[in-house]
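structure_6.cif follows; it contains mmCIF, C-alpha atoms and all ligand atoms; chains and numbers go by the auth columns.
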```
data_my_file
#
loop_
_atom_site.group_PDB
_atom_site.id
_atom_site.type_symbol
_atom_site.label_atom_id
_atom_site.label_comp_id
_atom_site.label_asym_id
_atom_site.label_seq_id
_atom_site.Cartn_x
_atom_site.Cartn_y
_atom_site.Cartn_z
_atom_site.B_iso_or_equiv
_atom_site.auth_seq_id
_atom_site.auth_asym_id
ATOM 1 C CA MET A 1 165.785 88.258 -77.000 0.00 3 A
ATOM 2 C CA ASP A 2 165.333 89.776 -73.580 0.00 4 A
ATOM 3 C CA CYS A 3 163.076 87.616 -71.456 0.00 5 A
ATOM 4 C CA ILE A 4 162.699 88.483 -67.781 0.00 6 A
ATOM 5 C CA PHE A 5 162.055 84.851 -66.832 0.00 7 A
ATOM 6 C CA CYS A 6 165.118 83.616 -68.738 0.00 8 A
ATOM 7 C CA ASN A 7 167.077 86.330 -66.945 0.00 9 A
ATOM 8 C CA ILE A 8 165.797 85.076 -63.600 0.00 10 A
ATOM 9 C CA ILE A 9 166.735 81.490 -64.546 0.00 11 A
ATOM 10 C CA GLU A 10 170.240 82.678 -65.492 0.00 12 A
ATOM 11 C CA ARG A 11 170.473 84.813 -62.325 0.00 13 A
ATOM 12 C CA LYS A 12 170.762 87.996 -64.392 0.00 14 A
ATOM 13 C CA ALA A 13 167.608 89.313 -62.748 0.00 15 A
ATOM 14 C CA LYS A 14 166.569 89.010 -59.132 0.00 16 A
ATOM 15 C CA ALA A 15 163.629 87.018 -57.907 0.00 17 A
ATOM 16 C CA GLU A 16 162.451 85.546 -54.643 0.00 18 A
ATOM 17 C CA ILE A 17 162.943 81.914 -55.630 0.00 19 A
ATOM 18 C CA ILE A 18 160.740 79.389 -53.827 0.00 20 A
ATOM 19 C CA PHE A 19 161.965 76.143 -55.399 0.00 21 A
ATOM 20 C CA GLU A 20 163.891 74.895 -58.396 0.00 22 A
ATOM 21 C CA ASN A 21 165.147 71.684 -59.882 0.00 23 A
ATOM 22 C CA GLU A 22 166.797 70.692 -63.160 0.00 24 A
ATOM 23 C CA LYS A 23 163.821 71.633 -65.358 0.00 25 A
ATOM 24 C CA ILE A 24 161.577 74.003 -63.392 0.00 26 A
ATOM 25 C CA ILE A 25 161.908 77.179 -61.342 0.00 27 A
ATOM 26 C CA SER A 26 159.330 78.770 -59.068 0.00 28 A
ATOM 27 C CA PHE A 27 159.400 82.296 -57.628 0.00 29 A
ATOM 28 C CA LEU A 28 157.097 84.988 -56.269 0.00 30 A
ATOM 29 C CA ASP A 29 155.147 87.129 -58.741 0.00 31 A
ATOM 30 C CA ILE A 30 156.378 90.729 -58.487 0.00 32 A
ATOM 31 C CA ASN A 31 152.801 92.018 -59.026 0.00 33 A
ATOM 32 C CA PRO A 32 150.813 89.664 -56.805 0.00 34 A
ATOM 33 C CA ILE A 33 147.053 89.228 -56.755 0.00 35 A
ATOM 34 C CA HIS A 34 147.624 88.404 -53.089 0.00 36 A
ATOM 35 C CA LEU A 35 150.900 88.319 -51.168 0.00 37 A
ATOM 36 C CA GLY A 36 152.381 84.869 -51.681 0.00 38 A
ATOM 37 C CA HIS A 37 151.279 84.640 -55.365 0.00 39 A
ATOM 38 C CA ILE A 38 153.721 82.158 -56.961 0.00 40 A
ATOM 39 C CA LEU A 39 154.802 81.506 -60.545 0.00 41 A
ATOM 40 C CA VAL A 40 156.035 78.143 -61.860 0.00 42 A
ATOM 41 C CA VAL A 41 158.168 78.348 -65.000 0.00 43 A
ATOM 42 C CA PRO A 42 159.924 75.813 -67.262 0.00 44 A
ATOM 43 C CA LYS A 43 163.684 76.468 -67.408 0.00 45 A
ATOM 44 C CA MET A 44 163.492 76.605 -71.158 0.00 46 A
ATOM 45 C CA HIS A 45 162.101 79.475 -73.160 0.00 47 A
ATOM 46 C CA CYS A 46 158.735 78.346 -74.491 0.00 48 A
ATOM 47 C CA ILE A 47 156.045 80.847 -75.300 0.00 49 A
ATOM 48 C CA ASP A 48 152.862 79.135 -74.179 0.00 50 A
ATOM 49 C CA PHE A 49 151.342 75.909 -72.897 0.00 51 A
ATOM 50 C CA LEU A 50 151.336 74.205 -76.293 0.00 52 A
ATOM 51 C CA SER A 51 155.028 74.903 -76.867 0.00 53 A
ATOM 52 C CA ILE A 52 156.211 73.283 -73.621 0.00 54 A
ATOM 53 C CA PRO A 53 158.406 70.278 -74.520 0.00 55 A
ATOM 54 C CA GLU A 54 156.901 66.945 -73.469 0.00 56 A
ATOM 55 C CA GLU A 55 159.666 66.199 -70.940 0.00 57 A
ATOM 56 C CA TYR A 56 158.862 69.407 -69.019 0.00 58 A
ATOM 57 C CA LEU A 57 155.154 68.686 -68.542 0.00 59 A
ATOM 58 C CA ASN A 58 155.279 66.253 -65.642 0.00 60 A
ATOM 59 C CA PRO A 59 157.992 68.213 -63.797 0.00 61 A
ATOM 60 C CA LEU A 60 155.883 71.372 -64.264 0.00 62 A
ATOM 61 C CA ILE A 61 152.845 69.783 -62.630 0.00 63 A
ATOM 62 C CA GLN A 62 154.941 68.149 -59.906 0.00 64 A
ATOM 63 C CA VAL A 63 156.577 71.452 -58.934 0.00 65 A
ATOM 64 C CA THR A 64 153.209 73.207 -59.119 0.00 66 A
ATOM 65 C CA LYS A 65 151.920 70.736 -56.543 0.00 67 A
ATOM 66 C CA ILE A 66 155.015 71.014 -54.320 0.00 68 A
ATOM 67 C CA VAL A 67 154.872 74.808 -54.087 0.00 69 A
ATOM 68 C CA THR A 68 151.061 74.928 -53.838 0.00 70 A
ATOM 69 C CA ASP A 69 151.249 72.516 -50.913 0.00 71 A
ATOM 70 C CA ALA A 70 153.919 74.683 -49.242 0.00 72 A
ATOM 71 C CA MET A 71 151.923 77.879 -49.844 0.00 73 A
ATOM 72 C CA VAL A 72 148.739 76.352 -48.408 0.00 74 A
ATOM 73 C CA LYS A 73 150.568 75.003 -45.331 0.00 75 A
ATOM 74 C CA SER A 74 152.447 78.244 -44.661 0.00 76 A
ATOM 75 C CA LEU A 75 149.848 80.910 -45.522 0.00 77 A
ATOM 76 C CA LYS A 76 146.653 78.960 -44.757 0.00 78 A
ATOM 77 C CA PRO A 77 144.486 80.773 -47.332 0.00 79 A
ATOM 78 C CA ASP A 78 140.768 80.018 -47.578 0.00 80 A
ATOM 79 C CA GLY A 79 141.393 78.696 -51.107 0.00 81 A
ATOM 80 C CA TYR A 80 143.698 79.125 -54.070 0.00 82 A
ATOM 81 C CA ASN A 81 143.600 79.483 -57.862 0.00 83 A
ATOM 82 C CA LEU A 82 145.852 77.812 -60.426 0.00 84 A
ATOM 83 C CA PHE A 83 145.773 79.406 -63.859 0.00 85 A
ATOM 84 C CA SER A 84 147.764 80.283 -66.929 0.00 86 A
ATOM 85 C CA ASN A 85 147.169 83.051 -69.475 0.00 87 A
ATOM 86 C CA ASN A 86 148.025 81.995 -73.026 0.00 88 A
ATOM 87 C CA GLY A 87 148.007 84.593 -75.789 0.00 89 A
ATOM 88 C CA ASN A 88 147.344 88.313 -75.785 0.00 90 A
ATOM 89 C CA ALA A 89 143.558 87.842 -75.817 0.00 91 A
ATOM 90 C CA ALA A 90 143.861 85.754 -72.640 0.00 92 A
ATOM 91 C CA GLY A 91 145.927 88.376 -70.848 0.00 93 A
ATOM 92 C CA GLN A 92 149.406 86.896 -71.285 0.00 94 A
ATOM 93 C CA SER A 93 151.976 89.619 -70.628 0.00 95 A
ATOM 94 C CA ILE A 94 155.256 87.648 -70.388 0.00 96 A
ATOM 95 C CA TYR A 95 155.751 85.363 -73.371 0.00 97 A
ATOM 96 C CA HIS A 96 157.517 82.606 -71.473 0.00 98 A
ATOM 97 C CA PHE A 97 154.985 80.089 -70.172 0.00 99 A
ATOM 98 C CA HIS A 98 154.115 80.399 -66.508 0.00 100 A
ATOM 99 C CA MET A 99 151.582 78.869 -64.173 0.00 101 A
ATOM 100 C CA HIS A 100 150.087 81.176 -61.555 0.00 102 A
ATOM 101 C CA ILE A 101 149.226 80.011 -58.051 0.00 103 A
ATOM 102 C CA THR A 102 147.531 82.589 -55.905 0.00 104 A
ATOM 103 C CA PRO A 103 146.076 82.333 -52.440 0.00 105 A
ATOM 104 C CA ARG A 104 142.421 83.347 -52.136 0.00 106 A
ATOM 105 C CA TYR A 105 140.404 84.583 -49.195 0.00 107 A
ATOM 106 C CA PHE A 106 136.696 84.809 -48.462 0.00 108 A
ATOM 107 C CA ASN A 107 135.353 88.250 -49.401 0.00 109 A
ATOM 108 C CA ASP A 108 138.578 89.251 -51.164 0.00 110 A
ATOM 109 C CA GLU A 109 136.505 90.923 -53.885 0.00 111 A
ATOM 110 C CA ILE A 110 138.525 89.303 -56.693 0.00 112 A
ATOM 111 C CA LYS A 111 136.294 87.954 -59.438 0.00 113 A
ATOM 112 C CA PHE A 112 136.823 86.674 -62.938 0.00 114 A
ATOM 113 C CA LYS A 113 134.197 88.724 -64.753 0.00 115 A
ATOM 114 C CA LEU A 114 132.417 85.999 -66.709 0.00 116 A
ATOM 115 C CA ASN A 115 129.850 86.298 -69.429 0.00 117 A
ATOM 116 C CA LEU A 116 128.669 82.681 -69.620 0.00 118 A
ATOM 117 C CA LYS A 117 127.262 81.478 -72.950 0.00 119 A
ATOM 118 C CA GLN A 118 124.597 78.906 -73.746 0.00 120 A
ATOM 119 C CA TYR A 119 124.722 76.273 -76.481 0.00 121 A
ATOM 120 C CA ARG A 120 121.849 76.247 -78.952 0.00 122 A
ATOM 121 C CA GLU A 121 120.229 72.878 -79.799 0.00 123 A
ATOM 122 C CA ALA A 122 122.907 70.805 -81.630 0.00 124 A
ATOM 123 C CA GLU A 123 125.726 73.255 -81.048 0.00 125 A
ATOM 124 C CA MET A 124 127.259 71.437 -78.106 0.00 126 A
ATOM 125 C CA LYS A 125 127.604 68.224 -80.128 0.00 127 A
ATOM 126 C CA ASP A 126 129.081 70.205 -83.065 0.00 128 A
ATOM 127 C CA PHE A 127 131.694 71.839 -80.855 0.00 129 A
ATOM 128 C CA ALA A 128 132.588 68.521 -79.245 0.00 130 A
ATOM 129 C CA GLU A 129 132.921 66.835 -82.655 0.00 131 A
ATOM 130 C CA LYS A 130 135.069 69.665 -84.012 0.00 132 A
ATOM 131 C CA ILE A 131 137.447 69.353 -81.065 0.00 133 A
ATOM 132 C CA ARG A 132 137.378 65.527 -80.953 0.00 134 A
ATOM 133 C CA ARG A 133 138.528 65.398 -84.603 0.00 135 A
ATOM 134 C CA GLU A 134 141.767 67.152 -83.592 0.00 136 A
ATOM 135 C CA VAL A 135 142.464 65.138 -80.424 0.00 137 A
ATOM 136 C CA ARG A 136 145.795 63.369 -80.594 0.00 138 A
ATOM 137 C CA SER A 137 146.846 60.929 -77.909 0.00 139 A
HETATM 138 ZN ZN ZN B . 162.249 83.143 -71.470 0.00 1 B
#
```
Taking this structure as input, can you express it in the form of structure tokens?
Amino acid sequence: MDCIFCNIIERKAKAEIIFENEKIISFLDINPIHLGHILVVPKMHCIDFLSIPEEYLNPLIQVTKIVTDAMVKSLKPDGYNLFSNNGNAAGQSIYHFHMHITPRYFNDEIKFKLNLKQYREAEMKDFAEKIRREVRS
């Protein structure tokens, strides 16, 4: 298996590392939406959000906050996006989970092209019930 993020973690590939601890690494995206676009990655090969081991979840969110805070203080963007693409249909290109943090600016002309749907009469309740049945806590 040749995974670019695993290679970065093992220092077999170069990256501009922003922060790392025992479980998480964070570095600059090589193809940024805006300069300063950061990735946050578990130091364990897991394909997507649902495959992240439980003990990596809190560290992932903590590091996401640490580097977002540093990016906001240093670059002073007008706003920022946090997002993650999971699966080919969602635009995932590297199959090792990663959280994106990108600075945003007024009038930067970057838009998620949305095609918002509307629920018909009882549909919203049906969707909620379908999902609720699978909720595990
Ligand atoms: Zn990997």
Open item on the list: What does the structure give for the distance between atom CA of Asn83 of chain A and atom CA of Lys14 of chain A, in Å to one decimal?
Closed with: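 Calculated distance between atom CA of Asn83 of chain A and atom CA of Lys14 of chain A is 29.2 Å.
Residues in contact range of Ile96 of chain A, defined as at most 9 Å between only C-alpha atoms, with sequence neighbours fewer than 3 positions away removed, read A:Cys5, A:Ile6, A:Phe7, A:Ile49, A:Phe99, A:His100.
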Open item on the list: Under the rule that all atoms listed in the file are counted, which of A:Asn60, A:Asn9, A:Asn33, A:Ser95 is the nearest residue to ligand ZN 1 (chain B)?
Closed with: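 Ranked by minimum distance to ligand ZN 1 (chain B), first place goes to A:Asn9.
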TODO: Please evaluate the PyMOL selection byres (((chain A and resi 32) around 12) and not hetatm) against the displayed coordinates and give the resulting residues as a count of residues only.
DONE: 19
Open item on the list: Between A:Ser28, A:Met73, A:Ile54, A:His98, which residue has the minimum interatomic distance to ligand ZN 1 (chain B), considering only C-alpha atoms and all ligand atoms?
Closed with: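 For ligand ZN 1 (chain B), the nearest of the given residues is A:His98.
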Task: Residue contacts of Ile63 of chain A (10 Å, only C-alpha atoms) excluding same-chain residues fewer than 5 positions away, as a PyMOL selection string - done: chain A and resi 26+42+58+68+101
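Note that atom CA of Leu116 of chain A and atom CA of Lys78 of chain A are 27.1 Å apart.
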Task: Nearest-residue call for Gln64 of chain A, choices A:Asn109, A:Asn23, A:Ser139, A:Gln120, using all atoms listed in the file - done: A:Asn23
Open item on the list: So, with all atoms listed in the file as the atoms that count, which of A:His47, A:Lys25, A:Arg13, A:Lys75 lies closest to ligand ZN 1 (chain B)?
Closed with: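 Of A:His47, A:Lys25, A:Arg13, A:Lys75, the one nearest ligand ZN 1 (chain B), counting all atoms listed in the file, is A:His47.
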Give me the result of the PyMOL selection byres (((chain A and resi 110) around 12) and not hetatm) on this file, residue by residue, as a PDB file with C-alpha atoms, in the frame of the given file.
```pdb
ATOM      1  CA  ILE A  35     147.053  89.228 -56.755  1.00  0.00           C
ATOM      2  CA  HIS A  36     147.624  88.404 -53.089  1.00  0.00           C
ATOM      3  CA  PRO A  79     144.486  80.773 -47.332  1.00  0.00           C
ATOM      4  CA  ASP A  80     140.768  80.018 -47.578  1.00  0.00           C
ATOM      5  CA  GLY A  81     141.393  78.696 -51.107  1.00  0.00           C
ATOM      6  CA  TYR A  82     143.698  79.125 -54.070  1.00  0.00           C
ATOM      7  CA  PRO A 105     146.076  82.333 -52.440  1.00  0.00           C
ATOM      8  CA  ARG A 106     142.421  83.347 -52.136  1.00  0.00           C
ATOM      9  CA  TYR A 107     140.404  84.583 -49.195  1.00  0.00           C
ATOM     10  CA  PHE A 108     136.696  84.809 -48.462  1.00  0.00           C
ATOM     11  CA  ASN A 109     135.353  88.250 -49.401  1.00  0.00           C
ATOM     12  CA  GLU A 111     136.505  90.923 -53.885  1.00  0.00           C
ATOM     13  CA  ILE A 112     138.525  89.303 -56.693  1.00  0.00           C
ATOM     14  CA  LYS A 113     136.294  87.954 -59.438  1.00  0.00           C
TER      15      LYS A 113
END
```
Task: Between atom CA of Ile133 of chain A and atom CA of Tyr121 of chain A - distance in Å to one decimal - done: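 A separation of 15.2 Å between them.
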Report as JSON the centre and the edge lengths, in Å to one decimal, of the axis-aligned box holding every listed atom of segment 66-84 of chain A, padded by 6 Å on each side.
```
{"center_x": 147.9, "center_y": 75.8, "center_z": -52.5, "size_x": 26.2, "size_y": 22.2, "size_z": 27.8}
```
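In terms of minimum interatomic distance to ligand ZN 1 (chain B), A:Asp50 ranks closest within A:Asp50, A:Glu125, A:Glu56, A:Glu24, counting only C-alpha atoms and all ligand atoms.
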Task: Of the listed residues A:Cys48, A:Asn88, A:Ile27, A:Asp128, that which approaches ligand ZN 1 (chain B) most closely, counting only C-alpha atoms and all ligand atoms - done: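 Nearest to ligand ZN 1 (chain B): A:Cys48.
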Keeping just N, CA and C atoms, export segment 50-65 of chain A of this structure as a short mmCIF file (atom, residue, chain, number, x, y, z; two decimals), in the first residue's frame.
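That gives us selection_1.cif:
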```cif
data_model
loop_
_atom_site.label_atom_id
_atom_site.label_comp_id
_atom_site.auth_asym_id
_atom_site.auth_seq_id
_atom_site.Cartn_x
_atom_site.Cartn_y
_atom_site.Cartn_z
N ASP A 50 -11.82 6.47 6.06
CA ASP A 50 -12.79 7.56 6.12
C ASP A 50 -13.21 7.81 7.56
N PHE A 51 -14.12 8.77 7.72
CA PHE A 51 -14.54 9.19 9.06
C PHE A 51 -15.01 8.02 9.91
N LEU A 52 -15.81 7.14 9.32
CA LEU A 52 -16.38 6.03 10.10
C LEU A 52 -15.35 4.98 10.49
N SER A 53 -14.20 4.97 9.86
CA SER A 53 -13.19 3.97 10.21
C SER A 53 -12.13 4.52 11.18
N ILE A 54 -12.29 5.75 11.63
CA ILE A 54 -11.34 6.30 12.61
C ILE A 54 -11.55 5.60 13.95
N PRO A 55 -10.49 5.02 14.54
CA PRO A 55 -10.66 4.38 15.85
C PRO A 55 -11.10 5.41 16.90
N GLU A 56 -11.93 4.94 17.82
CA GLU A 56 -12.52 5.79 18.85
C GLU A 56 -11.48 6.68 19.55
N GLU A 57 -10.32 6.09 19.88
CA GLU A 57 -9.32 6.84 20.66
C GLU A 57 -8.63 7.94 19.86
N TYR A 58 -8.91 8.03 18.56
CA TYR A 58 -8.33 9.10 17.74
C TYR A 58 -9.30 10.27 17.56
N LEU A 59 -10.57 10.07 17.93
CA LEU A 59 -11.59 11.08 17.63
C LEU A 59 -11.38 12.37 18.40
N ASN A 60 -11.24 12.28 19.71
CA ASN A 60 -11.03 13.50 20.48
C ASN A 60 -9.73 14.20 20.11
N PRO A 61 -8.61 13.45 20.02
CA PRO A 61 -7.37 14.12 19.58
C PRO A 61 -7.52 14.80 18.21
N LEU A 62 -8.27 14.18 17.30
CA LEU A 62 -8.48 14.77 15.97
C LEU A 62 -9.17 16.14 16.09
N ILE A 63 -10.21 16.19 16.89
CA ILE A 63 -10.94 17.46 17.05
C ILE A 63 -10.11 18.48 17.82
N GLN A 64 -9.36 18.00 18.82
CA GLN A 64 -8.51 18.93 19.58
C GLN A 64 -7.45 19.56 18.69
N VAL A 65 -6.78 18.75 17.87
CA VAL A 65 -5.74 19.29 16.99
C VAL A 65 -6.37 20.18 15.92
#
```
